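Next up, work-v9.tsv (TSV, C-alpha atoms and all ligand atoms):
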```tsv
chain	number	residue	atom	x	y	z
A	8	LEU	CA	-13.16	25.94	61.87
A	9	GLU	CA	-12.01	26.90	65.37
A	10	THR	CA	-8.54	25.54	64.61
A	11	LYS	CA	-8.13	27.44	61.35
A	12	GLU	CA	-6.57	30.82	60.85
A	13	ARG	CA	-9.23	33.50	60.38
A	14	VAL	CA	-9.47	34.36	56.69
A	15	PRO	CA	-8.88	38.04	55.89
A	16	VAL	CA	-11.78	39.69	54.09
A	17	ILE	CA	-11.83	43.16	52.60
A	18	TYR	CA	-15.42	44.24	51.96
A	19	LYS	CA	-15.72	47.13	49.52
A	20	HIS	CA	-18.80	49.18	48.72
A	21	PHE	CA	-19.29	50.58	45.26
A	22	GLN	CA	-22.44	51.97	43.65
A	23	GLU	CA	-25.08	50.52	46.00
A	24	CYS	CA	-27.57	51.20	48.82
A	25	THR	CA	-25.96	49.21	51.71
A	26	GLY	CA	-29.03	46.96	51.91
A	27	CYS	CA	-26.78	43.96	51.36
A	28	SER	CA	-24.75	44.89	54.43
A	29	MET	CA	-27.99	45.19	56.40
A	30	SER	CA	-28.79	41.66	55.29
A	31	PHE	CA	-25.25	40.48	56.13
A	32	ILE	CA	-25.59	41.53	59.78
A	33	LYS	CA	-28.91	39.68	60.06
A	34	MET	CA	-27.38	36.24	59.42
A	35	HIS	CA	-28.28	33.77	62.15
A	36	ASN	CA	-26.63	30.57	61.06
A	37	PRO	CA	-23.90	31.31	62.11
A	38	ILE	CA	-24.78	34.56	63.85
A	39	VAL	CA	-22.77	37.46	62.50
A	40	ALA	CA	-20.82	37.87	65.77
A	41	ASP	CA	-19.46	34.30	65.50
A	42	LEU	CA	-18.55	34.84	61.85
A	43	LEU	CA	-16.71	38.07	62.62
A	44	PHE	CA	-14.99	37.04	65.85
A	45	ASP	CA	-14.18	33.37	65.16
A	46	MET	CA	-14.12	32.69	61.43
A	47	ILE	CA	-13.08	35.65	59.32
A	48	SER	CA	-11.04	38.74	59.91
A	49	LEU	CA	-13.17	41.50	58.40
A	50	ASP	CA	-10.33	43.97	58.00
A	51	TYR	CA	-12.27	46.58	56.10
A	52	HIS	CA	-15.97	47.34	55.72
A	53	ASP	CA	-17.35	50.82	55.07
A	54	THR	CA	-20.14	50.51	57.61
A	55	ILE	CA	-19.17	47.75	60.07
A	56	MET	CA	-15.87	48.89	61.51
A	57	ALA	CA	-14.77	50.98	64.46
A	58	ALA	CA	-12.10	52.89	62.55
A	59	SER	CA	-12.96	55.61	60.09
A	60	GLY	CA	-11.27	57.83	57.51
A	61	ARG	CA	-7.55	57.38	56.87
A	62	GLN	CA	-7.22	54.85	59.72
A	63	ALA	CA	-9.83	52.59	58.12
A	64	ILE	CA	-8.23	52.79	54.68
A	65	GLU	CA	-4.84	51.98	56.18
A	66	ALA	CA	-6.31	48.80	57.71
A	67	ALA	CA	-7.41	47.67	54.24
A	68	GLU	CA	-4.06	48.58	52.69
A	69	LYS	CA	-2.19	46.66	55.40
A	70	THR	CA	-4.24	43.51	54.75
A	71	LYS	CA	-3.73	43.89	51.02
A	72	GLU	CA	0.05	43.92	51.48
A	73	GLU	CA	0.33	41.26	54.20
A	74	TYR	CA	-2.05	38.74	52.62
A	75	LYS	CA	-1.24	39.06	48.93
A	76	GLY	CA	-3.02	36.30	47.03
A	77	LYS	CA	-4.83	35.14	50.17
A	78	TYR	CA	-7.55	37.62	51.08
A	79	ILE	CA	-11.13	37.51	49.88
A	80	LEU	CA	-12.51	40.64	48.29
A	81	ALA	CA	-16.23	41.01	49.00
A	82	CYS	CA	-17.93	43.56	46.76
A	83	GLU	CA	-21.27	45.26	47.25
A	84	GLY	CA	-22.45	47.40	44.34
A	85	SER	CA	-21.64	47.77	40.67
A	86	ILE	CA	-18.96	50.01	39.22
A	87	PRO	CA	-19.83	53.09	37.15
A	88	MET	CA	-17.65	53.08	34.04
A	89	ALA	CA	-19.04	56.10	32.17
A	90	ASP	CA	-16.93	59.26	31.90
A	91	GLY	CA	-13.81	57.67	33.33
A	92	GLY	CA	-15.67	56.43	36.41
A	93	ILE	CA	-16.21	59.84	37.96
A	94	HIS	CA	-19.81	59.13	38.95
A	95	SER	CA	-18.69	57.55	42.20
A	96	VAL	CA	-15.57	58.62	44.03
A	97	VAL	CA	-14.25	57.79	47.52
A	98	ASP	CA	-11.20	59.38	49.10
A	99	GLY	CA	-10.47	61.09	45.79
A	100	LYS	CA	-10.38	57.79	43.85
A	101	THR	CA	-12.93	56.42	41.42
A	102	HIS	CA	-14.56	53.12	42.23
A	103	ILE	CA	-12.88	51.45	39.30
A	104	ASP	CA	-9.46	52.56	40.54
A	105	ILE	CA	-10.24	51.31	44.05
A	106	PHE	CA	-11.51	48.03	42.66
A	107	ARG	CA	-8.35	47.53	40.56
A	108	GLU	CA	-6.18	48.23	43.61
A	109	TYR	CA	-7.84	45.48	45.67
A	110	GLU	CA	-8.76	43.02	42.92
A	111	LYS	CA	-5.16	42.67	41.78
A	112	ASP	CA	-3.93	40.56	44.72
A	113	CYS	CA	-7.06	38.92	46.08
A	114	ALA	CA	-7.62	35.15	46.03
A	115	ALA	CA	-11.26	35.36	44.99
A	116	ILE	CA	-14.15	37.78	44.83
A	117	ILE	CA	-17.63	37.47	46.28
A	118	SER	CA	-20.15	39.71	44.54
A	119	TYR	CA	-22.81	40.25	47.18
A	120	GLY	CA	-26.17	41.41	45.85
A	121	SER	CA	-27.76	42.00	42.47
A	122	CYS	CA	-25.86	45.29	42.05
A	123	ALA	CA	-22.47	43.61	42.23
A	124	ALA	CA	-23.63	40.48	40.41
A	125	TRP	CA	-25.65	42.06	37.58
A	126	GLY	CA	-25.48	45.85	37.82
A	127	GLY	CA	-28.61	46.50	39.90
A	128	VAL	CA	-31.13	49.33	39.69
A	129	GLN	CA	-28.42	51.77	38.64
A	130	ALA	CA	-27.89	49.62	35.53
A	131	ALA	CA	-31.59	49.84	34.60
A	132	ALA	CA	-32.18	51.25	31.11
A	133	PRO	CA	-30.68	53.57	29.97
A	134	ASN	CA	-27.93	52.93	32.53
A	135	PRO	CA	-26.60	56.50	32.55
A	136	THR	CA	-23.45	55.75	34.57
A	137	LYS	CA	-22.68	52.50	32.68
A	138	ALA	CA	-22.98	50.59	35.95
A	139	THR	CA	-21.04	47.36	35.37
A	140	PRO	CA	-21.15	44.08	37.29
A	141	ILE	CA	-17.95	42.95	38.98
A	142	TYR	CA	-17.44	39.74	36.98
A	143	LYS	CA	-17.09	41.76	33.78
A	144	LEU	CA	-14.12	43.65	35.20
A	145	THR	CA	-11.83	40.88	36.37
A	146	ASN	CA	-10.25	37.54	35.52
A	147	LYS	CA	-10.24	36.47	39.19
A	148	PRO	CA	-12.66	33.75	40.36
A	149	VAL	CA	-16.00	35.46	41.11
A	150	ILE	CA	-18.90	34.04	43.10
A	151	ASN	CA	-22.15	35.81	42.28
A	152	VAL	CA	-24.55	35.94	45.22
A	153	PRO	CA	-27.48	37.85	43.73
A	154	GLY	CA	-30.58	39.15	45.48
A	155	CYS	CA	-31.68	42.62	46.42
A	156	PRO	CA	-30.45	41.94	48.99
A	157	PRO	CA	-29.31	38.29	49.15
A	158	ILE	CA	-30.71	36.08	51.92
A	159	PRO	CA	-28.54	36.57	55.06
A	160	ASP	CA	-27.85	32.87	55.50
A	161	VAL	CA	-26.91	32.52	51.84
A	162	MET	CA	-24.35	35.29	52.36
A	163	ALA	CA	-23.05	33.38	55.38
A	164	GLY	CA	-23.23	30.00	53.64
A	165	VAL	CA	-20.97	31.08	50.79
A	166	ILE	CA	-18.25	32.33	53.08
A	167	THR	CA	-18.45	29.42	55.53
A	168	HIS	CA	-18.15	27.00	52.60
A	169	ILE	CA	-14.88	28.65	51.57
A	170	LEU	CA	-13.60	28.52	55.16
A	171	THR	CA	-14.64	24.92	55.73
A	172	PHE	CA	-13.48	23.35	52.48
A	173	ASP	CA	-10.71	25.76	51.41
A	174	SER	CA	-12.37	25.92	48.02
A	175	LEU	CA	-15.10	27.81	46.23
A	176	PRO	CA	-18.58	26.29	46.20
A	177	GLU	CA	-19.72	24.63	42.98
A	178	LEU	CA	-21.02	27.33	40.66
A	179	ASP	CA	-23.52	27.33	37.81
A	180	ILE	CA	-22.88	28.86	34.41
A	181	ARG	CA	-23.72	32.32	35.81
A	182	ARG	CA	-21.24	31.94	38.67
A	183	ARG	CA	-23.94	31.40	41.31
A	184	PRO	CA	-23.44	28.73	44.02
A	185	LYS	CA	-25.59	25.83	42.81
A	186	VAL	CA	-26.57	24.87	46.31
A	187	PHE	CA	-28.50	28.13	46.79
A	188	TYR	CA	-29.57	29.05	43.25
A	189	ARG	CA	-30.41	25.78	41.48
A	190	HIS	CA	-34.19	26.02	42.04
A	191	ARG	CA	-36.74	28.57	40.98
A	192	ILE	CA	-38.83	30.27	43.67
A	193	HIS	CA	-41.82	28.65	41.95
A	194	ASP	CA	-40.46	25.09	42.38
A	195	ASN	CA	-40.85	25.11	46.17
A	196	CYS	CA	-43.50	27.77	46.68
A	197	GLN	CA	-46.17	27.02	49.27
A	198	ARG	CA	-48.77	28.57	46.88
A	199	ARG	CA	-47.75	26.23	44.04
A	200	ALA	CA	-50.74	23.90	44.48
A	201	TYR	CA	-53.02	26.89	43.75
A	202	PHE	CA	-51.02	27.72	40.61
A	203	ASP	CA	-51.40	24.12	39.44
A	204	SER	CA	-55.13	24.24	40.21
A	205	GLY	CA	-55.63	27.54	38.39
A	206	LEU	CA	-56.59	29.45	41.55
A	207	PHE	CA	-55.14	32.96	41.33
A	208	VAL	CA	-55.31	36.19	43.28
A	209	GLU	CA	-56.79	38.73	40.83
A	210	GLU	CA	-56.63	41.77	43.14
A	211	PHE	CA	-54.83	42.27	46.41
A	212	ASP	CA	-57.95	42.45	48.56
A	213	ASP	CA	-60.00	39.73	46.86
A	214	ILE	CA	-61.07	36.43	48.39
A	215	GLY	CA	-58.13	34.60	46.74
A	216	SER	CA	-55.63	36.83	48.51
A	217	LYS	CA	-57.33	36.09	51.83
A	218	LEU	CA	-57.15	32.36	51.11
A	219	GLY	CA	-53.47	32.41	50.09
A	220	TRP	CA	-53.90	31.61	46.40
A	221	CYS	CA	-51.17	32.00	43.76
A	222	LEU	CA	-49.87	35.53	43.07
A	223	TYR	CA	-48.91	34.98	39.43
A	224	LYS	CA	-51.63	37.23	38.00
A	225	VAL	CA	-50.67	40.12	40.29
A	226	GLY	CA	-47.08	40.05	39.10
A	227	CYS	CA	-45.20	37.17	40.74
A	228	LYS	CA	-41.89	36.45	38.95
A	229	GLY	CA	-41.31	33.23	40.92
A	230	PRO	CA	-41.52	31.05	37.78
A	231	VAL	CA	-38.43	32.76	36.30
A	232	THR	CA	-36.45	33.53	39.46
A	233	TYR	CA	-33.63	31.39	40.83
A	234	ASN	CA	-33.18	31.84	44.58
A	235	SER	CA	-33.71	29.99	47.89
A	236	CYS	CA	-36.39	32.19	49.46
A	237	SER	CA	-39.14	29.56	49.29
A	238	VAL	CA	-36.89	27.05	51.07
A	239	MET	CA	-34.69	29.04	53.46
A	240	LYS	CA	-37.07	31.98	54.00
A	241	TRP	CA	-36.11	35.32	55.62
A	242	ASN	CA	-36.20	36.86	59.10
A	243	ASP	CA	-34.55	33.95	60.90
A	244	SER	CA	-36.36	31.54	58.57
A	245	THR	CA	-39.79	32.68	59.73
A	246	CYS	CA	-41.30	34.21	56.57
A	247	TRP	CA	-40.62	35.32	52.99
A	248	PRO	CA	-42.23	37.74	50.52
A	249	VAL	CA	-44.70	35.37	48.84
A	250	GLU	CA	-45.75	33.90	52.20
A	251	ALA	CA	-46.44	37.45	53.38
A	252	GLY	CA	-48.66	38.07	50.33
A	253	ASN	CA	-46.22	39.97	48.13
A	254	PRO	CA	-45.41	38.70	44.64
A	255	CYS	CA	-41.77	37.79	44.04
A	256	MET	CA	-40.18	40.71	42.14
A	257	GLY	CA	-37.41	38.51	40.73
A	258	CYS	CA	-34.83	40.48	42.71
A	259	SER	CA	-32.06	37.92	42.22
A	260	GLU	CA	-32.37	37.97	38.43
A	261	ASP	CA	-30.33	40.00	35.97
A	262	ASN	CA	-32.08	43.26	34.96
A	263	PHE	CA	-35.06	42.66	37.23
A	264	TRP	CA	-35.72	46.41	37.35
A	265	ASP	CA	-36.44	46.26	33.63
A	266	PHE	CA	-38.85	43.30	33.90
A	267	GLY	CA	-41.85	45.67	33.83
A	268	PRO	CA	-44.29	46.57	36.61
A	269	ILE	CA	-43.67	44.89	39.98
A	270	PHE	CA	-47.41	44.49	40.54
A	271	THR	CA	-49.75	43.72	37.65
A	272	THR	CA	-53.30	42.77	36.95
A	273	LEU	CA	-53.67	40.38	34.01
B	301	LIG	FE1	-28.99	47.63	47.76
B	301	LIG	FE2	-30.17	45.71	46.38
B	301	LIG	FE3	-27.87	46.70	45.53
B	301	LIG	FE4	-27.91	45.19	47.71
B	301	LIG	S1	-28.40	44.52	45.63
B	301	LIG	S2	-26.82	47.14	47.47
B	301	LIG	S3	-29.90	45.72	48.61
B	301	LIG	S4	-29.84	47.85	45.70
B	302	LIG	FE1	-45.26	30.44	41.55
B	302	LIG	FE2	-45.46	32.92	42.48
B	302	LIG	FE3	-47.60	31.39	42.34
B	302	LIG	FE4	-45.71	30.88	44.13
B	302	LIG	S1	-47.05	32.68	44.07
B	302	LIG	S2	-46.75	29.39	42.84
B	302	LIG	S3	-43.89	31.43	42.98
B	302	LIG	S4	-46.34	32.12	40.59
B	303	LIG	FE1	-36.30	38.48	45.93
B	303	LIG	FE2	-38.32	37.02	45.06
B	303	LIG	FE3	-36.91	36.22	47.10
B	303	LIG	S1	-38.26	39.24	45.24
B	303	LIG	S2	-36.37	38.12	48.10
B	303	LIG	S3	-36.17	36.47	44.99
B	303	LIG	S4	-39.10	36.00	46.85
```

Reformat the file's structure so that it appears as structure tokens.
Ligand code: SF4
Ligand code: SF4
Ligand code: F3S
Amino acid sequence: LETKERVPVIYKHFQECTGCSMSFIKMHNPIVADLLFDMISLDYHDTIMAASGRQAIEAAEKTKEEYKGKYILACEGSIPMADGGIHSVVDGKTHIDIFREYEKDCAAIISYGSCAAWGGVQAAAPNPTKATPIYKLTNKPVINVPGCPPIPDVMAGVITHILTFDSLPELDIRRRPKVFYRHRIHDNCQRRAYFDSGLFVEEFDDIGSKLGWCLYKVGCKGPVTYNSCSVMKWNDSTCWPVEAGNPCMGCSEDNFWDFGPIFTTL
């Protein structure tokens, strides 16, 4: 990788909360500084760049012209399509117009987060702004990296795969990299033996919760959620939601906000 030219990346924010960018800067394998200084040239990012205003936009426009067909467009957030797109406007342009401007000449798109991949909370019923996932708006190759937010090292892994192999990672039918999304949370969960034994937490302060039993009856969506949390974990691989006692909300799944209550009692 050290001998390769740094790949230009334009990272655009649409309708989102910036949580995915927070996750992005927490990557530790590689650490984000190594990614930014040695591997990619992050030429535009709304929140991680020294320049601001017109100067920042000019940096993105320059990359777009100089690296036609070569730059990667990273997207965070979905695009509001209702009412001509006026629900989200930056620098006097709607998100859909900005997206079209940068999508046109990119080599590939990475949709970071469940907003970009599926629509996110803003697409929850009745989806008043018609928040639309990126893959529905383009014919370019799209890698969906869902999660709210995605795991930092998954975000890093997707981009380092592209840099290392000069190709996109193998994707499943929903455009997710198979290497990170082929298993359900439930398949590798450390509480799985309790599920198989029928030992369930019934309330959050009961004896089962103190003993680390399965969280299915208090709302865990691990059996229907494809993600790597139970293998790769979070916080520098030290912990993850279910290990900490919180049911999986299914945050990497399409329409997870419409699944029903996050916490339940059966
Ligand atoms: Fe925020 Fe979640 Fe959307 Fe990422 S996927 S921008 S963390 S709401
Ligand atoms: Fe499956 Fe959730 Fe129980 Fe883990 S806690 S075994 S993911 S239902
Ligand atoms: Fe999301 Fe479930 Fe992992 S809520 S962070 S997919 S454990």

### Task
Residues up to 12 Å from ligand LIG 302 (chain B), counting all atoms listed in the file: could you list those as an NGL selection string?
:A and (190-209 or 215-216 or 219-238 or 247-257 or 270)

### Message
Counting only C-alpha atoms and all ligand atoms, what are the residues, protein, DNA or RNA alike, that approach ligand LIG 301 (chain B) to within 6 Å? I want them as number ranges by chain.
### Response
A: 23-27, 83-84, 120-122, 127, 154-156

Atoms kept (C-alpha atoms) for selection, written as a PDB file, in the frame of the given file:
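Wrote it out as selection-v3.pdb, contents follow:
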```pdb
ATOM      1  CA  GLU A  23     -25.080  50.520  46.000  1.00  0.00           C
ATOM      2  CA  CYS A  24     -27.570  51.200  48.820  1.00  0.00           C
ATOM      3  CA  THR A  25     -25.960  49.210  51.710  1.00  0.00           C
ATOM      4  CA  GLY A  26     -29.030  46.960  51.910  1.00  0.00           C
ATOM      5  CA  CYS A  27     -26.780  43.960  51.360  1.00  0.00           C
ATOM      6  CA  GLU A  83     -21.270  45.260  47.250  1.00  0.00           C
ATOM      7  CA  GLY A  84     -22.450  47.400  44.340  1.00  0.00           C
ATOM      8  CA  GLY A 120     -26.170  41.410  45.850  1.00  0.00           C
ATOM      9  CA  SER A 121     -27.760  42.000  42.470  1.00  0.00           C
ATOM     10  CA  CYS A 122     -25.860  45.290  42.050  1.00  0.00           C
ATOM     11  CA  GLY A 127     -28.610  46.500  39.900  1.00  0.00           C
ATOM     12  CA  GLY A 154     -30.580  39.150  45.480  1.00  0.00           C
ATOM     13  CA  CYS A 155     -31.680  42.620  46.420  1.00  0.00           C
ATOM     14  CA  PRO A 156     -30.450  41.940  48.990  1.00  0.00           C
TER      15      PRO A 156
END
```

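The closest residue to ligand LIG 303 (chain B), picked from A:Glu260, A:Glu73, A:Asp265, A:Asp213 and counting only C-alpha atoms and all ligand atoms, is A:Glu260.
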
#### Entry: Within 12 Å of Glu177 in chain A using all atoms listed in the file, minus same-chain residues under 4 positions, as number ranges by chain
A: 148-151, 165, 168-169, 172, 181-189

### Task
Go through A:Ile158, A:Leu178, A:Ile93, A:Cys258 one by one, measure the shortest atom-to-atom distance of each to His35 in chain A using all atoms listed in the file, and give the residue with the smallest value.
A:Ile158

### Message
Using all atoms listed in the file for the distances, tell me which of A:Pro268, A:Gly60, A:Pro153, A:Gly126 is nearest to ligand LIG 303 (chain B).
### Response
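That would be A:Pro153, the residue with the smallest distance to ligand LIG 303 (chain B).
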
### Query
Out of A:Glu12, A:Asp261, A:Asp104, A:Asp41, which residue has the shortest atom-to-atom distance to ligand LIG 303 (chain B) when counting all atoms listed in the file?
A:Asp261

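When all atoms listed in the file are used to compute distances to Pro157 in chain A, the closest of the residues A:Tyr18, A:Gln129, A:Val96, A:Lys240 turns out to be A:Lys240.
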
### Query
Within 6 Å of Ser85 in chain A, counting only C-alpha atoms, which residues qualify if same-chain residues fewer than 2 places away don't, as a ChimeraX atom specification?
/A:21-22,122-123,126,138-140

Could you write out that same residue set with C-alpha atoms as an mmCIF file, keeping the file's coordinate frame?
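What ended up in part_24.cif:
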```cif
data_model
loop_
_atom_site.group_PDB
_atom_site.id
_atom_site.type_symbol
_atom_site.label_atom_id
_atom_site.label_comp_id
_atom_site.auth_asym_id
_atom_site.auth_seq_id
_atom_site.Cartn_x
_atom_site.Cartn_y
_atom_site.Cartn_z
ATOM 1 C CA PHE A 21 -19.290 50.580 45.260
ATOM 2 C CA GLN A 22 -22.440 51.970 43.650
ATOM 3 C CA CYS A 122 -25.860 45.290 42.050
ATOM 4 C CA ALA A 123 -22.470 43.610 42.230
ATOM 5 C CA GLY A 126 -25.480 45.850 37.820
ATOM 6 C CA ALA A 138 -22.980 50.590 35.950
ATOM 7 C CA THR A 139 -21.040 47.360 35.370
ATOM 8 C CA PRO A 140 -21.150 44.080 37.290
#
```

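Interatomic distance, CA of Phe263 in chain A to CA of Ala131 in chain A: 8.4 Å.
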
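Of the residues under consideration (A:Ala40, A:Thr10, A:Glu68, A:Ser30), A:Ser30 shows the shortest atom-to-atom contact distance to ligand LIG 303 (chain B) when counting only C-alpha atoms and all ligand atoms.
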
Might I get the box with edges along x, y and z of the file that holds all atoms of ligand LIG 303 (chain B) listed there, padded by 4 Å on every side, given as centre and edge lengths in Å to one decimal, as JSON?
```
{"center_x": -37.6, "center_y": 37.6, "center_z": 46.5, "size_x": 10.9, "size_y": 11.2, "size_z": 11.1}
```

### Query
Could you work out how far CA of Lys69 in chain A lies from CA of Met56 in chain A, giving the answer in Å with one decimal?
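One can read the CA of Met56 in chain A to CA of Lys69 in chain A distance as 15.1 Å.
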
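Relative to CA of His52 in chain A, CA of Ala81 in chain A is found at 9.2 Å.
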
Write out N, CA and C atoms for range 241-263 of chain A, as a compact mmCIF listing (two decimals), keeping the file's coordinate frame.
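File produced: rebuild-v5.txt:
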```txt
# COMPACT_ATOMS: atom_id res chain seq x y z
N TRP A 241 -36.79 34.13 55.10
CA TRP A 241 -36.11 35.32 55.62
C TRP A 241 -36.44 35.49 57.11
N ASN A 242 -35.89 36.52 57.70
CA ASN A 242 -36.20 36.86 59.10
C ASN A 242 -36.06 35.66 60.02
N ASP A 243 -34.83 35.14 60.10
CA ASP A 243 -34.55 33.95 60.90
C ASP A 243 -35.41 32.78 60.46
N SER A 244 -35.59 32.65 59.16
CA SER A 244 -36.36 31.54 58.57
C SER A 244 -37.82 31.51 59.02
N THR A 245 -38.39 32.67 59.28
CA THR A 245 -39.79 32.68 59.73
C THR A 245 -40.77 33.01 58.60
N CYS A 246 -40.34 33.76 57.58
CA CYS A 246 -41.30 34.21 56.57
C CYS A 246 -40.54 34.60 55.30
N TRP A 247 -41.25 34.86 54.24
CA TRP A 247 -40.62 35.32 52.99
C TRP A 247 -41.68 36.07 52.18
N PRO A 248 -41.28 36.84 51.17
CA PRO A 248 -42.23 37.74 50.52
C PRO A 248 -43.54 37.09 50.08
N VAL A 249 -43.47 35.98 49.37
CA VAL A 249 -44.70 35.37 48.84
C VAL A 249 -45.58 34.86 49.98
N GLU A 250 -44.97 34.35 51.04
CA GLU A 250 -45.75 33.90 52.20
C GLU A 250 -46.49 35.08 52.83
N ALA A 251 -45.83 36.26 52.79
CA ALA A 251 -46.44 37.45 53.38
C ALA A 251 -47.47 38.10 52.45
N GLY A 252 -47.64 37.55 51.24
CA GLY A 252 -48.66 38.07 50.33
C GLY A 252 -48.15 38.99 49.26
N ASN A 253 -46.81 39.09 49.15
CA ASN A 253 -46.22 39.97 48.13
C ASN A 253 -45.66 39.13 46.99
N PRO A 254 -46.00 39.46 45.74
CA PRO A 254 -45.41 38.70 44.64
C PRO A 254 -43.89 38.80 44.65
N CYS A 255 -43.22 37.72 44.22
CA CYS A 255 -41.77 37.79 44.04
C CYS A 255 -41.48 38.79 42.92
N MET A 256 -40.54 39.71 43.16
CA MET A 256 -40.18 40.71 42.14
C MET A 256 -39.09 40.20 41.21
N GLY A 257 -38.53 39.02 41.52
CA GLY A 257 -37.41 38.51 40.73
C GLY A 257 -36.11 39.20 41.08
N CYS A 258 -35.94 39.59 42.36
CA CYS A 258 -34.83 40.48 42.71
C CYS A 258 -33.45 39.85 42.56
N SER A 259 -33.38 38.54 42.40
CA SER A 259 -32.06 37.92 42.22
C SER A 259 -31.72 37.71 40.75
N GLU A 260 -32.60 38.16 39.86
CA GLU A 260 -32.37 37.97 38.43
C GLU A 260 -31.72 39.20 37.79
N ASP A 261 -30.98 38.94 36.74
CA ASP A 261 -30.33 40.00 35.97
C ASP A 261 -31.41 40.94 35.41
N ASN A 262 -31.18 42.24 35.52
CA ASN A 262 -32.08 43.26 34.96
C ASN A 262 -33.50 43.22 35.49
N PHE A 263 -33.68 42.79 36.75
CA PHE A 263 -35.06 42.66 37.23
C PHE A 263 -35.80 44.00 37.26
```
